[in-house]
$ cat coords_32.cif   # mmCIF, C-alpha atoms
data_start
loop_
_atom_site.group_PDB
_atom_site.id
_atom_site.type_symbol
_atom_site.label_atom_id
_atom_site.label_comp_id
_atom_site.auth_asym_id
_atom_site.auth_seq_id
_atom_site.Cartn_x
_atom_site.Cartn_y
_atom_site.Cartn_z
ATOM 1 C CA MET Z 1 -17.721 57.104 228.091
ATOM 2 C CA TYR Z 2 -14.975 59.371 229.436
ATOM 3 C CA GLU Z 3 -13.577 59.889 225.915
ATOM 4 C CA LEU Z 4 -17.000 60.894 224.590
ATOM 5 C CA THR Z 5 -17.474 63.406 227.437
ATOM 6 C CA LYS Z 6 -13.970 64.722 226.880
ATOM 7 C CA ALA Z 7 -14.621 65.199 223.126
ATOM 8 C CA CYS Z 8 -17.980 66.927 223.754
ATOM 9 C CA GLY Z 9 -16.312 69.239 226.263
ATOM 10 C CA ARG Z 10 -13.679 70.235 223.711
ATOM 11 C CA GLU Z 11 -16.297 70.846 221.067
ATOM 12 C CA LYS Z 12 -18.351 73.042 223.413
ATOM 13 C CA MET Z 13 -15.199 74.897 224.414
ATOM 14 C CA MET Z 14 -14.311 75.500 220.740
ATOM 15 C CA LYS Z 15 -17.829 76.787 220.073
ATOM 16 C CA GLY Z 16 -17.538 79.133 223.056
ATOM 17 C CA VAL Z 17 -14.143 80.411 221.904
ATOM 18 C CA LEU Z 18 -15.488 80.891 218.370
ATOM 19 C CA ALA Z 19 -18.563 82.750 219.632
ATOM 20 C CA THR Z 20 -16.355 84.960 221.815
ATOM 21 C CA LEU Z 21 -14.027 85.778 218.911
ATOM 22 C CA LEU Z 22 -16.932 86.626 216.628
ATOM 23 C CA LEU Z 23 -18.452 88.830 219.329
ATOM 24 C CA CYS Z 24 -15.125 90.608 219.855
ATOM 25 C CA CYS Z 25 -14.809 91.204 216.102
ATOM 26 C CA ALA Z 26 -18.324 92.613 215.952
ATOM 27 C CA VAL Z 27 -17.675 94.917 218.924
ATOM 28 C CA TYR Z 28 -14.354 96.025 217.420
ATOM 29 C CA SER Z 29 -15.888 96.825 214.041
ATOM 30 C CA THR Z 30 -18.760 98.713 215.693
ATOM 31 C CA ALA Z 31 -16.316 100.702 217.806
ATOM 32 C CA GLN Z 32 -14.297 101.518 214.690
ATOM 33 C CA SER Z 33 -17.342 102.808 212.823
ATOM 34 C CA ILE Z 34 -18.370 105.068 215.711
ATOM 35 C CA GLY Z 35 -14.952 106.681 215.909
ATOM 36 C CA PRO Z 36 -13.040 107.923 218.898
ATOM 37 C CA ALA Z 37 -14.358 110.812 220.929
ATOM 38 C CA SER Z 38 -12.396 113.918 220.148
ATOM 39 C CA PRO Z 39 -10.492 115.252 223.137
ATOM 40 C CA MET Z 40 -11.960 118.460 224.438
ATOM 41 C CA LYS Z 41 -9.563 121.370 224.222
ATOM 42 C CA PHE Z 42 -10.455 124.499 226.108
ATOM 43 C CA GLU Z 43 -9.160 126.708 223.286
ATOM 44 C CA SER Z 44 -11.295 125.049 220.607
ATOM 45 C CA PHE Z 45 -14.595 125.460 222.455
ATOM 46 C CA GLU Z 46 -16.272 128.506 223.797
ATOM 47 C CA LEU Z 47 -19.260 128.742 226.014
ATOM 48 C CA ALA Z 48 -22.129 130.230 224.035
ATOM 49 C CA ALA Z 49 -23.825 131.482 227.183
ATOM 50 C CA ALA Z 50 -20.638 133.178 228.447
ATOM 51 C CA THR Z 51 -21.288 136.342 226.455
ATOM 52 C CA PRO Z 52 -24.368 138.219 227.570
ATOM 53 C CA PRO Z 53 -27.091 138.284 224.934
ATOM 54 C CA SER Z 54 -27.734 141.583 223.200
ATOM 55 C CA SER Z 55 -31.424 141.357 223.922
ATOM 56 C CA VAL Z 56 -33.064 139.768 226.872
ATOM 57 C CA GLU Z 57 -34.914 136.731 225.554
ATOM 58 C CA PRO Z 58 -35.171 133.204 226.891
ATOM 59 C CA LEU Z 59 -32.979 130.527 225.396
ATOM 60 C CA ALA Z 60 -34.667 128.473 222.736
ATOM 61 C CA PRO Z 61 -35.072 124.791 223.458
ATOM 62 C CA ARG Z 62 -32.246 122.548 222.236
ATOM 63 C CA THR Z 63 -29.720 125.371 222.226
ATOM 64 C CA ASN Z 64 -26.163 124.096 222.135
ATOM 65 C CA PHE Z 65 -24.105 125.575 224.913
ATOM 66 C CA TRP Z 66 -20.834 124.348 223.442
ATOM 67 C CA VAL Z 67 -19.822 125.648 220.052
ATOM 68 C CA GLU Z 68 -16.963 123.836 218.381
ATOM 69 C CA ASN Z 69 -14.567 126.052 216.403
ATOM 70 C CA THR Z 70 -12.593 123.291 214.721
ATOM 71 C CA SER Z 71 -13.808 121.186 211.839
ATOM 72 C CA ARG Z 72 -13.343 117.416 211.788
ATOM 73 C CA PRO Z 73 -11.636 115.831 208.813
ATOM 74 C CA ALA Z 74 -13.861 113.595 206.721
ATOM 75 C CA THR Z 75 -13.040 109.899 207.018
ATOM 76 C CA ALA Z 76 -13.102 107.590 204.042
ATOM 77 C CA ARG Z 77 -15.885 105.036 203.857
ATOM 78 C CA SER Z 78 -14.497 101.642 204.675
ATOM 79 C CA SER Z 79 -17.124 99.541 202.957
ATOM 80 C CA ASN Z 80 -18.836 99.804 199.628
ATOM 81 C CA ARG Z 81 -20.269 97.383 197.101
ATOM 82 C CA THR Z 82 -16.844 96.173 195.915
ATOM 83 C CA PHE Z 83 -15.632 95.580 199.473
ATOM 84 C CA MET Z 84 -18.763 93.624 200.352
ATOM 85 C CA LEU Z 85 -18.542 91.595 197.142
ATOM 86 C CA LEU Z 86 -14.905 90.632 197.778
ATOM 87 C CA ALA Z 87 -15.668 89.844 201.433
ATOM 88 C CA THR Z 88 -18.559 87.611 200.395
ATOM 89 C CA VAL Z 89 -16.458 85.804 197.787
ATOM 90 C CA SER Z 90 -13.699 85.307 200.365
ATOM 91 C CA ALA Z 91 -16.177 83.914 202.916
ATOM 92 C CA ALA Z 92 -17.676 81.589 200.301
ATOM 93 C CA ALA Z 93 -14.207 80.337 199.332
ATOM 94 C CA MET Z 94 -13.409 79.707 203.005
ATOM 95 C CA VAL Z 95 -16.632 77.753 203.559
ATOM 96 C CA ALA Z 96 -16.085 75.747 200.361
ATOM 97 C CA ASP Z 97 -12.522 74.910 201.388
ATOM 98 C CA VAL Z 98 -13.545 73.874 204.916
ATOM 99 C CA GLU Z 99 -16.484 71.765 203.768
ATOM 100 C CA LEU Z 100 -14.540 70.042 200.980
ATOM 101 C CA THR Z 101 -11.625 69.392 203.353
ATOM 102 C CA ALA Z 102 -13.924 67.914 206.017
ATOM 103 C CA ASN Z 103 -15.659 65.739 203.427
ATOM 104 C CA CYS Z 104 -12.377 64.641 201.818
ATOM 105 C CA VAL Z 105 -10.787 63.720 205.169
ATOM 106 C CA LYS Z 106 -13.869 61.739 206.124
ATOM 107 C CA THR Z 107 -14.425 59.855 202.849
ATOM 108 C CA VAL Z 108 -11.104 59.556 200.966
ATOM 109 C CA SER Z 109 -8.465 57.276 202.484
ATOM 110 C CA ASN Z 110 -5.311 59.134 201.354
ATOM 111 C CA CYS Z 111 -6.690 62.652 201.985
ATOM 112 C CA ARG Z 112 -4.853 64.569 204.735
ATOM 113 C CA GLU Z 113 -4.832 68.207 205.824
ATOM 114 C CA ALA Z 114 -1.648 69.970 204.714
ATOM 115 C CA ASN Z 115 -1.770 72.694 207.389
ATOM 116 C CA PRO Z 116 0.371 71.494 210.333
ATOM 117 C CA PHE Z 117 -1.605 73.605 212.831
ATOM 118 C CA MET Z 118 -4.765 71.618 212.123
ATOM 119 C CA GLY Z 119 -3.328 68.133 212.310
ATOM 120 C CA SER Z 120 -3.632 65.484 209.633
ATOM 121 C CA ASN Z 121 -7.274 64.576 210.358
ATOM 122 C CA PRO Z 122 -9.082 67.671 211.745
ATOM 123 C CA SER Z 123 -12.742 67.851 212.656
ATOM 124 C CA ARG Z 124 -15.125 70.301 211.031
ATOM 125 C CA ALA Z 125 -15.274 72.339 214.270
ATOM 126 C CA ARG Z 126 -11.484 72.630 214.353
ATOM 127 C CA LEU Z 127 -11.389 73.715 210.706
ATOM 128 C CA TYR Z 128 -13.945 76.456 211.322
ATOM 129 C CA GLY Z 129 -12.346 77.325 214.668
ATOM 130 C CA VAL Z 130 -9.067 78.125 212.937
ATOM 131 C CA ASN Z 131 -10.384 79.612 209.683
ATOM 132 C CA VAL Z 132 -13.067 81.994 210.998
ATOM 133 C CA PRO Z 133 -10.674 84.044 213.214
ATOM 134 C CA ILE Z 134 -8.247 84.209 210.287
ATOM 135 C CA TYR Z 135 -11.102 85.478 208.117
ATOM 136 C CA ALA Z 136 -11.998 88.083 210.759
ATOM 137 C CA GLY Z 137 -8.371 89.235 210.889
ATOM 138 C CA GLU Z 138 -8.295 89.392 207.094
ATOM 139 C CA MET Z 139 -11.393 91.614 207.129
ATOM 140 C CA MET Z 140 -9.980 93.927 209.803
ATOM 141 C CA LEU Z 141 -6.656 94.220 207.951
ATOM 142 C CA SER Z 142 -8.425 95.006 204.692
ATOM 143 C CA ARG Z 143 -10.630 97.573 206.439
ATOM 144 C CA MET Z 144 -7.595 99.175 208.061
ATOM 145 C CA PHE Z 145 -5.851 99.463 204.678
ATOM 146 C CA ARG Z 146 -9.013 100.943 203.161
ATOM 147 C CA ARG Z 147 -9.224 103.632 205.836
ATOM 148 C CA LYS Z 148 -5.504 104.413 205.913
ATOM 149 C CA TYR Z 149 -4.974 104.492 202.123
ATOM 150 C CA PRO Z 150 -8.373 105.361 200.597
ATOM 151 C CA GLU Z 151 -6.891 106.354 197.227
ATOM 152 C CA ARG Z 152 -5.074 103.028 196.746
ATOM 153 C CA LYS Z 153 -6.284 99.515 196.013
ATOM 154 C CA LEU Z 154 -4.048 97.996 198.711
ATOM 155 C CA TRP Z 155 -7.112 96.960 200.724
ATOM 156 C CA MET Z 156 -7.893 94.288 198.123
ATOM 157 C CA PHE Z 157 -4.669 92.365 198.774
ATOM 158 C CA PRO Z 158 -5.708 90.517 201.989
ATOM 159 C CA LEU Z 159 -9.112 89.611 200.580
ATOM 160 C CA LEU Z 160 -7.776 88.376 197.240
ATOM 161 C CA SER Z 161 -4.781 86.507 198.679
ATOM 162 C CA PHE Z 162 -6.824 84.544 201.225
ATOM 163 C CA THR Z 163 -9.512 83.896 198.625
ATOM 164 C CA GLY Z 164 -6.846 82.495 196.308
ATOM 165 C CA ALA Z 165 -5.450 80.287 199.067
ATOM 166 C CA HIS Z 166 -8.900 78.882 199.875
ATOM 167 C CA VAL Z 167 -9.724 78.320 196.202
ATOM 168 C CA ALA Z 168 -6.409 76.441 195.800
ATOM 169 C CA GLY Z 169 -7.228 74.325 198.882
ATOM 170 C CA ALA Z 170 -10.718 73.544 197.581
ATOM 171 C CA ALA Z 171 -9.316 72.641 194.149
ATOM 172 C CA SER Z 172 -6.770 70.362 195.795
ATOM 173 C CA ASN Z 173 -9.540 68.563 197.692
ATOM 174 C CA VAL Z 174 -11.601 68.140 194.522
ATOM 175 C CA SER Z 175 -8.591 66.786 192.600
ATOM 176 C CA LEU Z 176 -8.062 63.969 195.144
ATOM 177 C CA ARG Z 177 -11.449 62.421 194.334
#
$ encode --input "coords_32.cif" --output "structure tokens"
Amino acid sequence: MYELTKACGREKMMKGVLATLLLCCAVYSTAQSIGPASPMKFESFELAAATPPSSVEPLAPRTNFWVENTSRPATARSSNRTFMLLATVSAAAMVADVELTANCVKTVSNCREANPFMGSNPSRARLYGVNVPIYAGEMMLSRMFRRKYPERKLWMFPLLSFTGAHVAGAASNVSLR
């Protein structure tokens, strides 16, 4: 009974860690899309109400008191149809690899996980617990490359390389049957 409680506790802990990581990734990506607040420089702003108006009239509603003199540079869009397509294909390859690995380990006698961090006979929760944060890091790296080098195709490298690795893992699992 103690072993069963111990295993359930680990599984709940892994689910909590996974949920926390996914939440952190979502918060990070939301914070990245909002953008940092620009620091306020006294020289770049002037108070619109500081100069007396030429005619005496009340201020219109919704009048901006701060007028910004500097223009903000346009940022490159970090996601488009191609990015979403590659991200979806990468996620599908990851799920296929995890599910085929879990099924192979459970049903085939000589099937073992090759990744030493997972152990030779990992559970499905452990497989997802390791692969989903790697997928989130892959997405953030690809997004960072897309924003930093918008004119290049460097952002495709993380998505395509991890997709290739998962497809190779899934093909390896299928070949053992």
$ closest_residue --input "coords_32.cif" --among "Z:Val130, Z:Asp97, Z:Asn121, Z:Val174" --to "Ser109 (chain Z)" --atoms "all atoms listed in the file"
Z:Asn121
$ resolve_selection --input "coords_32.cif" --expression "the PyMOL selection byres ((chain Z and resi 133-142) around 7)" --output "list in words"
Leu21, Cys25, Val130, Asn131, Val132, Arg143, Met144, Phe145, Arg146, Trp155, Met156, Pro158 and Leu159 of chain Z
$ closest_residue --input "coords_32.cif" --among "Z:Ala91, Z:Met84, Z:Cys111, Z:Ala125" --to "Arg177 (chain Z)" --atoms "all atoms listed in the file"
Z:Cys111
$ closest_residue --input "coords_32.cif" --among "Z:Ala165, Z:Leu85, Z:Ala92, Z:Leu160" --to "Asn115 (chain Z)" --atoms "only C-alpha atoms"
Z:Ala165
$ resolve_selection --input "coords_32.cif" --expression "the PyMOL selection byres ((chain Z and resi 112) around 12)" --output "PDB file with C-alpha atoms, in the frame of the given file"
ATOM      1  CA  LEU Z 100     -14.540  70.042 200.980  1.00  0.00           C
ATOM      2  CA  THR Z 101     -11.625  69.392 203.353  1.00  0.00           C
ATOM      3  CA  ALA Z 102     -13.924  67.914 206.017  1.00  0.00           C
ATOM      4  CA  ASN Z 103     -15.659  65.739 203.427  1.00  0.00           C
ATOM      5  CA  CYS Z 104     -12.377  64.641 201.818  1.00  0.00           C
ATOM      6  CA  VAL Z 105     -10.787  63.720 205.169  1.00  0.00           C
ATOM      7  CA  LYS Z 106     -13.869  61.739 206.124  1.00  0.00           C
ATOM      8  CA  THR Z 107     -14.425  59.855 202.849  1.00  0.00           C
ATOM      9  CA  VAL Z 108     -11.104  59.556 200.966  1.00  0.00           C
ATOM     10  CA  SER Z 109      -8.465  57.276 202.484  1.00  0.00           C
ATOM     11  CA  ASN Z 110      -5.311  59.134 201.354  1.00  0.00           C
ATOM     12  CA  CYS Z 111      -6.690  62.652 201.985  1.00  0.00           C
ATOM     13  CA  GLU Z 113      -4.832  68.207 205.824  1.00  0.00           C
ATOM     14  CA  ALA Z 114      -1.648  69.970 204.714  1.00  0.00           C
ATOM     15  CA  ASN Z 115      -1.770  72.694 207.389  1.00  0.00           C
ATOM     16  CA  PRO Z 116       0.371  71.494 210.333  1.00  0.00           C
ATOM     17  CA  MET Z 118      -4.765  71.618 212.123  1.00  0.00           C
ATOM     18  CA  GLY Z 119      -3.328  68.133 212.310  1.00  0.00           C
ATOM     19  CA  SER Z 120      -3.632  65.484 209.633  1.00  0.00           C
ATOM     20  CA  ASN Z 121      -7.274  64.576 210.358  1.00  0.00           C
ATOM     21  CA  PRO Z 122      -9.082  67.671 211.745  1.00  0.00           C
ATOM     22  CA  SER Z 123     -12.742  67.851 212.656  1.00  0.00           C
ATOM     23  CA  GLY Z 169      -7.228  74.325 198.882  1.00  0.00           C
ATOM     24  CA  SER Z 172      -6.770  70.362 195.795  1.00  0.00           C
ATOM     25  CA  ASN Z 173      -9.540  68.563 197.692  1.00  0.00           C
ATOM     26  CA  LEU Z 176      -8.062  63.969 195.144  1.00  0.00           C
TER      27      LEU Z 176
END
$ atom_distance --input "coords_32.cif" --atom1 "CA of Val98 (chain Z)" --atom2 "CA of Ala171 (chain Z)"
11.6 Å
$ atom_distance --input "coords_32.cif" --atom1 "CA of Phe83 (chain Z)" --atom2 "CA of Lys153 (chain Z)"
10.7 Å
$ atom_distance --input "coords_32.cif" --atom1 "CA of Tyr149 (chain Z)" --atom2 "CA of Ser79 (chain Z)"
13.1 Å
